[in-house]
Number of protein chains: 2
Amino acid sequence: MKVLQARLTPVAFADPPLLNCMGVHEPFALRSILEIECEDGVVGLGESYGDAAFLEQARAVVAALPGLDIFDLPRLRETVAQTLDGVMITDTHGLTGGYSIDKTLASVYSLCEVAALDAQGHYLGVPVVDLLGGPVRDRVDFSAYLFYKYGEHQNGTSDRWGQALTPEEIVTQARTMIDEYGFESIKLKGGVFASDQEADAIEALAEAFPDHPLRLDPNAAWQVDTSVRIARRLDGVLEYLEDPTPGIDGMAEVARQAPMPLATNMCVVSFADIAPAFRAGAVGVVLSDHHFWGGLRDTLALGTTCDCFDVGLSMHSNSHLGISLAAMVHVAAATRQLTYACDTHWPWKTGDVIESGVLEFVDGAVAIPTTPGLGVRLDQDELGRAHEQYTRSGQTNRDDVTYMRRFEPDFTPNTGRW
Amino acid sequence: MKVLQARLTPVAFADPPLLNCMGVHEPFALRSILEIECEDGVVGLGESYGDAAFLEQARAVVAALPGLDIFDLPRLRETVAQTLDGVMITDTHGLTGGYSIDKTLASVYSLCEVAALDAQGHYLGVPVVDLLGGPVRDRVDFSAYLFYKYGEHQNGTSDRWGQALTPEEIVTQARTMIDEYGFESIKLKGGVFASDQEADAIEALAEAFPDHPLRLDPNAAWQVDTSVRIARRLDGVLEYLEDPTPGIDGMAEVARQAPMPLATNMCVVSFADIAPAFRAGAVGVVLSDHHFWGGLRDTLALGTTCDCFDVGLSMHSNSHLGISLAAMVHVAAATRQLTYACDTHWPWKTGDVIESGVLEFVDGAVAIPTTPGLGVRLDQDELGRAHEQYTRSGQTNRDDVTYMRRFEPDFTPNTGRW
């Protein structure tokens, strides 16, 4: 089953001014959509990053896809390696840890692997989860992903969520999101305000939602002593504390004194980070993400590795559309070592490139699509509109820092600030 | 795609009097053959151990297979766990390390998982390797597996290999095997004679086959100081030294002083052993074996875990027939972290239950079957004969120790002897 044609389309979708330690989300989030057309009319879909550096490398690989067998994933991996030939992509948003050639390869490979698996599923008539060993669960739980946010963008665009800068506003945001989606776990993206101010917000959430597991993710905005102090303050309140401080050594020092597990999608971002982090006891939970962990099969294998070392497994999310959510759902469904609800930015997006009606949230969970492949279909009209939006947006990279300086001229990233 | 019927057939095949640290192989090796018949005439095959304790547990699970969906491997795993409900199988041959409930579950699950994957492949029209991510290699390398052996069994049955008790006889055995199969790596099963005597045999092999990587496996027959001494003596001669001494602590002590990597299929035999062994630096090579590592998918994931910690991967073998070899070949072909030629007892067997002609050794390697499923077909006549042989043999367990006492009345296992 050979690939006949492959097409990569950059798209943009409206994104609210969500705050994080690097700054604030720009008016549009960028993604890339991969379509591979194979023999017998079989189509496979993939979705990944949309920044220029990623697109350049992904485009080179996508051009090499025609002729490849969708079942020959090792050959696909080789093709990615040969095409990239030592290139390392360094993104500008800085929210998913270090860069490496391995991580670059894993990211570009993942985009193509997901499309190949989708195509395999369509060709064989089985959902992707069955190609991964079958569903351990028939629904995948997600968490409410709360953000501090401005009420409107610099261009005056507002959104239905409004401003959220105080504990009260965060609780209101949580209530809306939980009412609409039914989430259990609640995650607050931190790293925006001083640590105690964010701990206040967590305590307000704990009071408002006493039965909901809570998480706080300052994206390494804290020093070790601050991390330990806040961890102790939030003892019994957080199910895990995510990336309080930079690096494996710092995380290990915090982990030794923190009463809750530390989670990460910053200091463990490729298989090369596993041994040093696990040996140091730096993390209690790895947040997988098939987009940079080398696709669905490697993400599955990550679960086994974590489980061997009694390290829990959750799932990281960037701003994404439906193809990515479908892939996240399939791999999460197949991963028996998944120990926490997954993150998703889903509530923050307004449109999509897939036909609606498949990926619905009920009680905070998405049912595994049971139709072939990923179970989602591209809406070509929406894809066209989203691509037009990409072109019109003028954005080619995600750069929360520079955009933040339009709100706060003297802003520098908060990494390690407090 | 549901299972309609499942049948487990114990079989026996003639086995030469091969020596190891526990004694000597009895006249017959026992295996069990699983056939699952599914809707639409789809059939899946599995093969595993044939001892009474394994058969009892496997039979209980096999009786629960009808009605299961061959794609729902998580449900299969649950079914195995519920059926066995805490039972732990302790084999009597003692050559594959410790016992645990996890290892028992993994063993019985593996038998069924392989049959389910074979059935999936037949239903979908793809080889099993494609269900595992595709072939990283199109041929799988195996090693020549040499044994000290007696010339004949107690009942007078002899074989074409003759006696091999001296270095010269071992070299002759190697020459025959390499001439016929084309193996590169050569493994000598040790633990039979005093350590220096076995090192003599390795040195004789090194002289006779200077370009062939060599391995020695005394099955933990040595103390730590002996292990270190022999490891130093064989510096530059062995590609790895396998299980010189018992336990993770002992292995770690040897590993610190040995110039070559230590391999194991005794101190790391389940995922629970990974963390303590890797943390201690006890092993440089894990010998996987899908029969007790929980099937093909978990064996694949083991590769990722080993690679994270720079631990090599090879493959262990027990006496086996063609269904097992096919499964070994498919999973080895899909495992990109496989760093050594795999072990196989293949040259020692005389018959089989599969139709011949598929699994041929050329230059020491087996080409991956490209037909659906495992790519092998059961020969019902041969299965009948092998089952009859099982019944007639009177053997119900593998017990090399007791049988050895018919050669040497005072024999006790050599574990830790030298």
# chains A, B, ... in the order shown; residues from 1 in each chain; ligands from 1

$ residues_around --residues "range 106-115 of chain B" --least-positions-apart "2" --cutoff "7 Å" --atoms "only C-alpha atoms" --output "list in words"
Ile36, Gly44, Leu45, Gly46, Glu47, Ser48, Ala58, Leu73, Arg77, Val80, Asp102, Lys103, Thr104, Leu117, Asp118, Ala119, His290, His291, Phe292, Trp293, Gly294, Gly295 and Leu296 of chain B

$ write_last_selection --atoms "C-alpha atoms" --output "PDB file, in the first residue's frame"
ATOM      1  CA  ILE B  36      -7.794 -20.468  17.905  1.00  0.00           C
ATOM      2  CA  GLY B  44      -4.400 -18.208  14.806  1.00  0.00           C
ATOM      3  CA  LEU B  45      -1.524 -20.259  16.201  1.00  0.00           C
ATOM      4  CA  GLY B  46       0.533 -20.010  19.360  1.00  0.00           C
ATOM      5  CA  GLU B  47       3.255 -22.137  20.962  1.00  0.00           C
ATOM      6  CA  SER B  48       4.689 -22.232  24.453  1.00  0.00           C
ATOM      7  CA  ALA B  58      -2.997 -22.330  30.002  1.00  0.00           C
ATOM      8  CA  LEU B  73      -5.771  -7.709  23.689  1.00  0.00           C
ATOM      9  CA  ARG B  77      -4.928  -9.751  29.410  1.00  0.00           C
ATOM     10  CA  VAL B  80      -5.758 -14.283  31.824  1.00  0.00           C
ATOM     11  CA  ASP B 102       3.640 -11.355  36.886  1.00  0.00           C
ATOM     12  CA  LYS B 103       5.883 -13.744  34.986  1.00  0.00           C
ATOM     13  CA  THR B 104       3.206 -16.431  35.108  1.00  0.00           C
ATOM     14  CA  LEU B 117      -1.848 -11.563  16.477  1.00  0.00           C
ATOM     15  CA  ASP B 118      -1.527 -14.448  14.017  1.00  0.00           C
ATOM     16  CA  ALA B 119      -5.309 -14.433  13.610  1.00  0.00           C
ATOM     17  CA  HIS B 290       8.354 -13.250  24.172  1.00  0.00           C
ATOM     18  CA  HIS B 291       7.263 -16.488  25.851  1.00  0.00           C
ATOM     19  CA  PHE B 292       7.767 -14.999  29.297  1.00  0.00           C
ATOM     20  CA  TRP B 293       7.995 -11.253  28.595  1.00  0.00           C
ATOM     21  CA  GLY B 294       4.275 -11.008  27.887  1.00  0.00           C
ATOM     22  CA  GLY B 295       4.043 -11.570  24.153  1.00  0.00           C
ATOM     23  CA  LEU B 296       5.257  -9.761  21.080  1.00  0.00           C
TER      24      LEU B 296
END

$ select_by_dssp --residues "range 16-237 of chain A" --states "helix (DSSP H, G or I)" --output "PyMOL selection string"
chain A and resi 39-41+52-63+73-84+101-124+128-131+167-181+195-208+224-233

$ residues_around --residues "Asp200 in chain A" --least-positions-apart "3" --cutoff "10 Å" --atoms "only C-alpha atoms" --output "PyMOL selection string"
chain A and resi 166-168+195-197+203-206+234

$ closest_atom_pairs --of "chain A" --to "chain B" --cutoff "6 Å" --atoms "only C-alpha atoms" --output "JSON lines"
{"residue": "A:Phe71", "atom": "CA", "partner": "B:Gly134", "partner_atom": "CA", "distance": 5.8}
{"residue": "A:Asp72", "atom": "CA", "partner": "B:Gly134", "partner_atom": "CA", "distance": 5.0}
{"residue": "A:Leu73", "atom": "CA", "partner": "B:Gly134", "partner_atom": "CA", "distance": 5.7}
{"residue": "A:Pro74", "atom": "CA", "partner": "B:Val136", "partner_atom": "CA", "distance": 5.2}
{"residue": "A:Leu124", "atom": "CA", "partner": "B:Leu124", "partner_atom": "CA", "distance": 5.9}
{"residue": "A:Asp130", "atom": "CA", "partner": "B:Phe71", "partner_atom": "CA", "distance": 5.9}
{"residue": "A:Gly133", "atom": "CA", "partner": "B:Leu73", "partner_atom": "CA", "distance": 6.0}
{"residue": "A:Gly134", "atom": "CA", "partner": "B:Asp72", "partner_atom": "CA", "distance": 4.9}
{"residue": "A:Val136", "atom": "CA", "partner": "B:Pro74", "partner_atom": "CA", "distance": 5.2}
{"residue": "A:Phe271", "atom": "CA", "partner": "B:Cys308", "partner_atom": "CA", "distance": 5.7}
{"residue": "A:Ala275", "atom": "CA", "partner": "B:Phe309", "partner_atom": "CA", "distance": 5.6}
{"residue": "A:Ala301", "atom": "CA", "partner": "B:Ala301", "partner_atom": "CA", "distance": 4.9}
{"residue": "A:Thr305", "atom": "CA", "partner": "B:Thr305", "partner_atom": "CA", "distance": 5.0}
{"residue": "A:Cys308", "atom": "CA", "partner": "B:Phe271", "partner_atom": "CA", "distance": 5.7}
{"residue": "A:Phe309", "atom": "CA", "partner": "B:Ala275", "partner_atom": "CA", "distance": 5.6}

$ residues_around --residues "Pro127 in chain B" --least-positions-apart "4" --cutoff "6 Å" --atoms "only C-alpha atoms" --output "ChimeraX atom specification"
/B:121,370-373

$ write_last_selection --atoms "all heavy atoms" --output "PDB file, in the first residue's frame"
ATOM      1  N   GLY B 121      -3.468 -11.020  11.754  1.00  0.00           N
ATOM      2  CA  GLY B 121      -2.734 -10.934  10.493  1.00  0.00           C
ATOM      3  C   GLY B 121      -3.461 -11.655   9.365  1.00  0.00           C
ATOM      4  O   GLY B 121      -3.549 -11.150   8.241  1.00  0.00           O
ATOM      5  N   THR B 370       6.489 -13.217   4.578  1.00  0.00           N
ATOM      6  CA  THR B 370       5.755 -12.055   4.063  1.00  0.00           C
ATOM      7  C   THR B 370       4.282 -12.372   3.833  1.00  0.00           C
ATOM      8  O   THR B 370       3.519 -11.494   3.428  1.00  0.00           O
ATOM      9  CB  THR B 370       6.368 -11.564   2.738  1.00  0.00           C
ATOM     10  OG1 THR B 370       6.450 -12.676   1.850  1.00  0.00           O
ATOM     11  CG2 THR B 370       7.754 -10.983   2.963  1.00  0.00           C
ATOM     12  N   THR B 371       3.884 -13.619   4.101  1.00  0.00           N
ATOM     13  CA  THR B 371       2.466 -13.968   3.978  1.00  0.00           C
ATOM     14  C   THR B 371       1.740 -13.558   5.266  1.00  0.00           C
ATOM     15  O   THR B 371       2.377 -13.230   6.264  1.00  0.00           O
ATOM     16  CB  THR B 371       2.326 -15.480   3.721  1.00  0.00           C
ATOM     17  OG1 THR B 371       3.049 -16.175   4.743  1.00  0.00           O
ATOM     18  CG2 THR B 371       2.918 -15.848   2.358  1.00  0.00           C
ATOM     19  N   PRO B 372       0.403 -13.560   5.250  1.00  0.00           N
ATOM     20  CA  PRO B 372      -0.327 -13.042   6.422  1.00  0.00           C
ATOM     21  C   PRO B 372      -0.022 -13.769   7.728  1.00  0.00           C
ATOM     22  O   PRO B 372       0.335 -14.950   7.730  1.00  0.00           O
ATOM     23  CB  PRO B 372      -1.788 -13.245   6.016  1.00  0.00           C
ATOM     24  CG  PRO B 372      -1.782 -13.122   4.533  1.00  0.00           C
ATOM     25  CD  PRO B 372      -0.511 -13.813   4.117  1.00  0.00           C
ATOM     26  N   GLY B 373      -0.206 -13.052   8.818  1.00  0.00           N
ATOM     27  CA  GLY B 373      -0.026 -13.613  10.155  1.00  0.00           C
ATOM     28  C   GLY B 373       1.431 -13.969  10.405  1.00  0.00           C
ATOM     29  O   GLY B 373       2.337 -13.264   9.960  1.00  0.00           O
TER      30      GLY B 373
END

$ decode --residues "range 80-117 of chain A" --atoms "N, CA and C atoms" --output "PDB file, in the first residue's frame"
ATOM      1  N   VAL A  80      13.019  10.003   7.121  1.00  0.00           N
ATOM      2  CA  VAL A  80      13.044  11.241   7.907  1.00  0.00           C
ATOM      3  C   VAL A  80      14.487  11.577   8.290  1.00  0.00           C
ATOM      4  N   ALA A  81      15.208  10.584   8.761  1.00  0.00           N
ATOM      5  CA  ALA A  81      16.592  10.814   9.209  1.00  0.00           C
ATOM      6  C   ALA A  81      17.464  11.270   8.049  1.00  0.00           C
ATOM      7  N   GLN A  82      17.300  10.612   6.897  1.00  0.00           N
ATOM      8  CA  GLN A  82      18.136  10.970   5.739  1.00  0.00           C
ATOM      9  C   GLN A  82      17.786  12.370   5.226  1.00  0.00           C
ATOM     10  N   THR A  83      16.501  12.683   5.237  1.00  0.00           N
ATOM     11  CA  THR A  83      16.073  13.976   4.711  1.00  0.00           C
ATOM     12  C   THR A  83      16.535  15.104   5.628  1.00  0.00           C
ATOM     13  N   LEU A  84      16.392  14.896   6.925  1.00  0.00           N
ATOM     14  CA  LEU A  84      16.767  15.955   7.864  1.00  0.00           C
ATOM     15  C   LEU A  84      18.277  16.033   8.059  1.00  0.00           C
ATOM     16  N   ASP A  85      18.927  14.879   8.012  1.00  0.00           N
ATOM     17  CA  ASP A  85      20.384  14.793   8.028  1.00  0.00           C
ATOM     18  C   ASP A  85      21.032  15.717   9.065  1.00  0.00           C
ATOM     19  N   GLY A  86      20.645  15.549  10.304  1.00  0.00           N
ATOM     20  CA  GLY A  86      21.327  16.266  11.376  1.00  0.00           C
ATOM     21  C   GLY A  86      20.785  17.642  11.703  1.00  0.00           C
ATOM     22  N   VAL A  87      19.711  18.032  11.008  1.00  0.00           N
ATOM     23  CA  VAL A  87      19.093  19.333  11.316  1.00  0.00           C
ATOM     24  C   VAL A  87      18.450  19.273  12.706  1.00  0.00           C
ATOM     25  N   MET A  88      18.528  20.350  13.434  1.00  0.00           N
ATOM     26  CA  MET A  88      17.850  20.413  14.726  1.00  0.00           C
ATOM     27  C   MET A  88      16.913  21.614  14.719  1.00  0.00           C
ATOM     28  N   ILE A  89      15.632  21.342  14.978  1.00  0.00           N
ATOM     29  CA  ILE A  89      14.661  22.433  15.042  1.00  0.00           C
ATOM     30  C   ILE A  89      14.661  22.996  16.459  1.00  0.00           C
ATOM     31  N   THR A  90      14.829  24.306  16.570  1.00  0.00           N
ATOM     32  CA  THR A  90      14.674  24.956  17.867  1.00  0.00           C
ATOM     33  C   THR A  90      13.464  25.869  17.775  1.00  0.00           C
ATOM     34  N   ASP A  91      12.411  25.493  18.478  1.00  0.00           N
ATOM     35  CA  ASP A  91      11.215  26.331  18.423  1.00  0.00           C
ATOM     36  C   ASP A  91      11.451  27.595  19.239  1.00  0.00           C
ATOM     37  N   THR A  92      10.507  28.512  19.159  1.00  0.00           N
ATOM     38  CA  THR A  92      10.709  29.771  19.876  1.00  0.00           C
ATOM     39  C   THR A  92       9.788  29.915  21.080  1.00  0.00           C
ATOM     40  N   HIS A  93       8.894  28.905  21.252  1.00  0.00           N
ATOM     41  CA  HIS A  93       7.986  29.104  22.388  1.00  0.00           C
ATOM     42  C   HIS A  93       8.578  28.591  23.688  1.00  0.00           C
ATOM     43  N   GLY A  94       9.526  27.654  23.608  1.00  0.00           N
ATOM     44  CA  GLY A  94      10.310  27.286  24.785  1.00  0.00           C
ATOM     45  C   GLY A  94       9.539  26.608  25.902  1.00  0.00           C
ATOM     46  N   LEU A  95       8.410  25.999  25.568  1.00  0.00           N
ATOM     47  CA  LEU A  95       7.579  25.428  26.631  1.00  0.00           C
ATOM     48  C   LEU A  95       7.658  23.909  26.719  1.00  0.00           C
ATOM     49  N   THR A  96       8.439  23.303  25.840  1.00  0.00           N
ATOM     50  CA  THR A  96       8.524  21.845  25.880  1.00  0.00           C
ATOM     51  C   THR A  96       9.963  21.360  25.966  1.00  0.00           C
ATOM     52  N   GLY A  97      10.751  22.076  26.787  1.00  0.00           N
ATOM     53  CA  GLY A  97      12.067  21.583  27.132  1.00  0.00           C
ATOM     54  C   GLY A  97      13.109  21.729  26.045  1.00  0.00           C
ATOM     55  N   GLY A  98      14.209  20.995  26.235  1.00  0.00           N
ATOM     56  CA  GLY A  98      15.383  21.146  25.394  1.00  0.00           C
ATOM     57  C   GLY A  98      15.190  20.701  23.958  1.00  0.00           C
ATOM     58  N   TYR A  99      16.118  21.100  23.116  1.00  0.00           N
ATOM     59  CA  TYR A  99      16.119  20.716  21.710  1.00  0.00           C
ATOM     60  C   TYR A  99      17.182  19.650  21.494  1.00  0.00           C
ATOM     61  N   SER A 100      16.963  18.816  20.522  1.00  0.00           N
ATOM     62  CA  SER A 100      17.985  17.849  20.135  1.00  0.00           C
ATOM     63  C   SER A 100      17.641  17.355  18.739  1.00  0.00           C
ATOM     64  N   ILE A 101      18.629  16.781  18.105  1.00  0.00           N
ATOM     65  CA  ILE A 101      18.377  16.191  16.791  1.00  0.00           C
ATOM     66  C   ILE A 101      17.367  15.059  16.932  1.00  0.00           C
ATOM     67  N   ASP A 102      17.509  14.274  18.000  1.00  0.00           N
ATOM     68  CA  ASP A 102      16.570  13.169  18.226  1.00  0.00           C
ATOM     69  C   ASP A 102      15.134  13.670  18.330  1.00  0.00           C
ATOM     70  N   LYS A 103      14.963  14.772  19.084  1.00  0.00           N
ATOM     71  CA  LYS A 103      13.606  15.292  19.277  1.00  0.00           C
ATOM     72  C   LYS A 103      13.061  15.839  17.954  1.00  0.00           C
ATOM     73  N   THR A 104      13.933  16.446  17.161  1.00  0.00           N
ATOM     74  CA  THR A 104      13.519  16.946  15.850  1.00  0.00           C
ATOM     75  C   THR A 104      13.053  15.798  14.963  1.00  0.00           C
ATOM     76  N   LEU A 105      13.881  14.754  14.891  1.00  0.00           N
ATOM     77  CA  LEU A 105      13.516  13.581  14.096  1.00  0.00           C
ATOM     78  C   LEU A 105      12.193  13.006  14.583  1.00  0.00           C
ATOM     79  N   ALA A 106      12.075  12.892  15.898  1.00  0.00           N
ATOM     80  CA  ALA A 106      10.871  12.294  16.486  1.00  0.00           C
ATOM     81  C   ALA A 106       9.632  13.112  16.122  1.00  0.00           C
ATOM     82  N   SER A 107       9.775  14.436  16.080  1.00  0.00           N
ATOM     83  CA  SER A 107       8.635  15.305  15.785  1.00  0.00           C
ATOM     84  C   SER A 107       8.181  15.155  14.330  1.00  0.00           C
ATOM     85  N   VAL A 108       9.123  15.209  13.418  1.00  0.00           N
ATOM     86  CA  VAL A 108       8.757  15.120  12.002  1.00  0.00           C
ATOM     87  C   VAL A 108       8.270  13.704  11.682  1.00  0.00           C
ATOM     88  N   TYR A 109       8.955  12.709  12.245  1.00  0.00           N
ATOM     89  CA  TYR A 109       8.519  11.321  12.047  1.00  0.00           C
ATOM     90  C   TYR A 109       7.090  11.136  12.552  1.00  0.00           C
ATOM     91  N   SER A 110       6.796  11.711  13.707  1.00  0.00           N
ATOM     92  CA  SER A 110       5.473  11.535  14.319  1.00  0.00           C
ATOM     93  C   SER A 110       4.357  11.994  13.391  1.00  0.00           C
ATOM     94  N   LEU A 111       4.543  13.163  12.802  1.00  0.00           N
ATOM     95  CA  LEU A 111       3.529  13.689  11.877  1.00  0.00           C
ATOM     96  C   LEU A 111       3.206  12.656  10.801  1.00  0.00           C
ATOM     97  N   CYS A 112       4.254  12.062  10.256  1.00  0.00           N
ATOM     98  CA  CYS A 112       4.078  11.112   9.150  1.00  0.00           C
ATOM     99  C   CYS A 112       3.588   9.760   9.651  1.00  0.00           C
ATOM    100  N   GLU A 113       4.072   9.339  10.812  1.00  0.00           N
ATOM    101  CA  GLU A 113       3.655   8.038  11.360  1.00  0.00           C
ATOM    102  C   GLU A 113       2.157   8.029  11.637  1.00  0.00           C
ATOM    103  N   VAL A 114       1.659   9.122  12.202  1.00  0.00           N
ATOM    104  CA  VAL A 114       0.226   9.184  12.500  1.00  0.00           C
ATOM    105  C   VAL A 114      -0.582   9.059  11.205  1.00  0.00           C
ATOM    106  N   ALA A 115      -0.148   9.764  10.162  1.00  0.00           N
ATOM    107  CA  ALA A 115      -0.858   9.673   8.877  1.00  0.00           C
ATOM    108  C   ALA A 115      -0.770   8.259   8.313  1.00  0.00           C
ATOM    109  N   ALA A 116       0.401   7.633   8.469  1.00  0.00           N
ATOM    110  CA  ALA A 116       0.560   6.258   7.975  1.00  0.00           C
ATOM    111  C   ALA A 116      -0.342   5.295   8.744  1.00  0.00           C
ATOM    112  N   LEU A 117      -0.415   5.472  10.059  1.00  0.00           N
ATOM    113  CA  LEU A 117      -1.278   4.596  10.864  1.00  0.00           C
ATOM    114  C   LEU A 117      -2.752   4.823  10.533  1.00  0.00           C
TER     115      LEU A 117
END
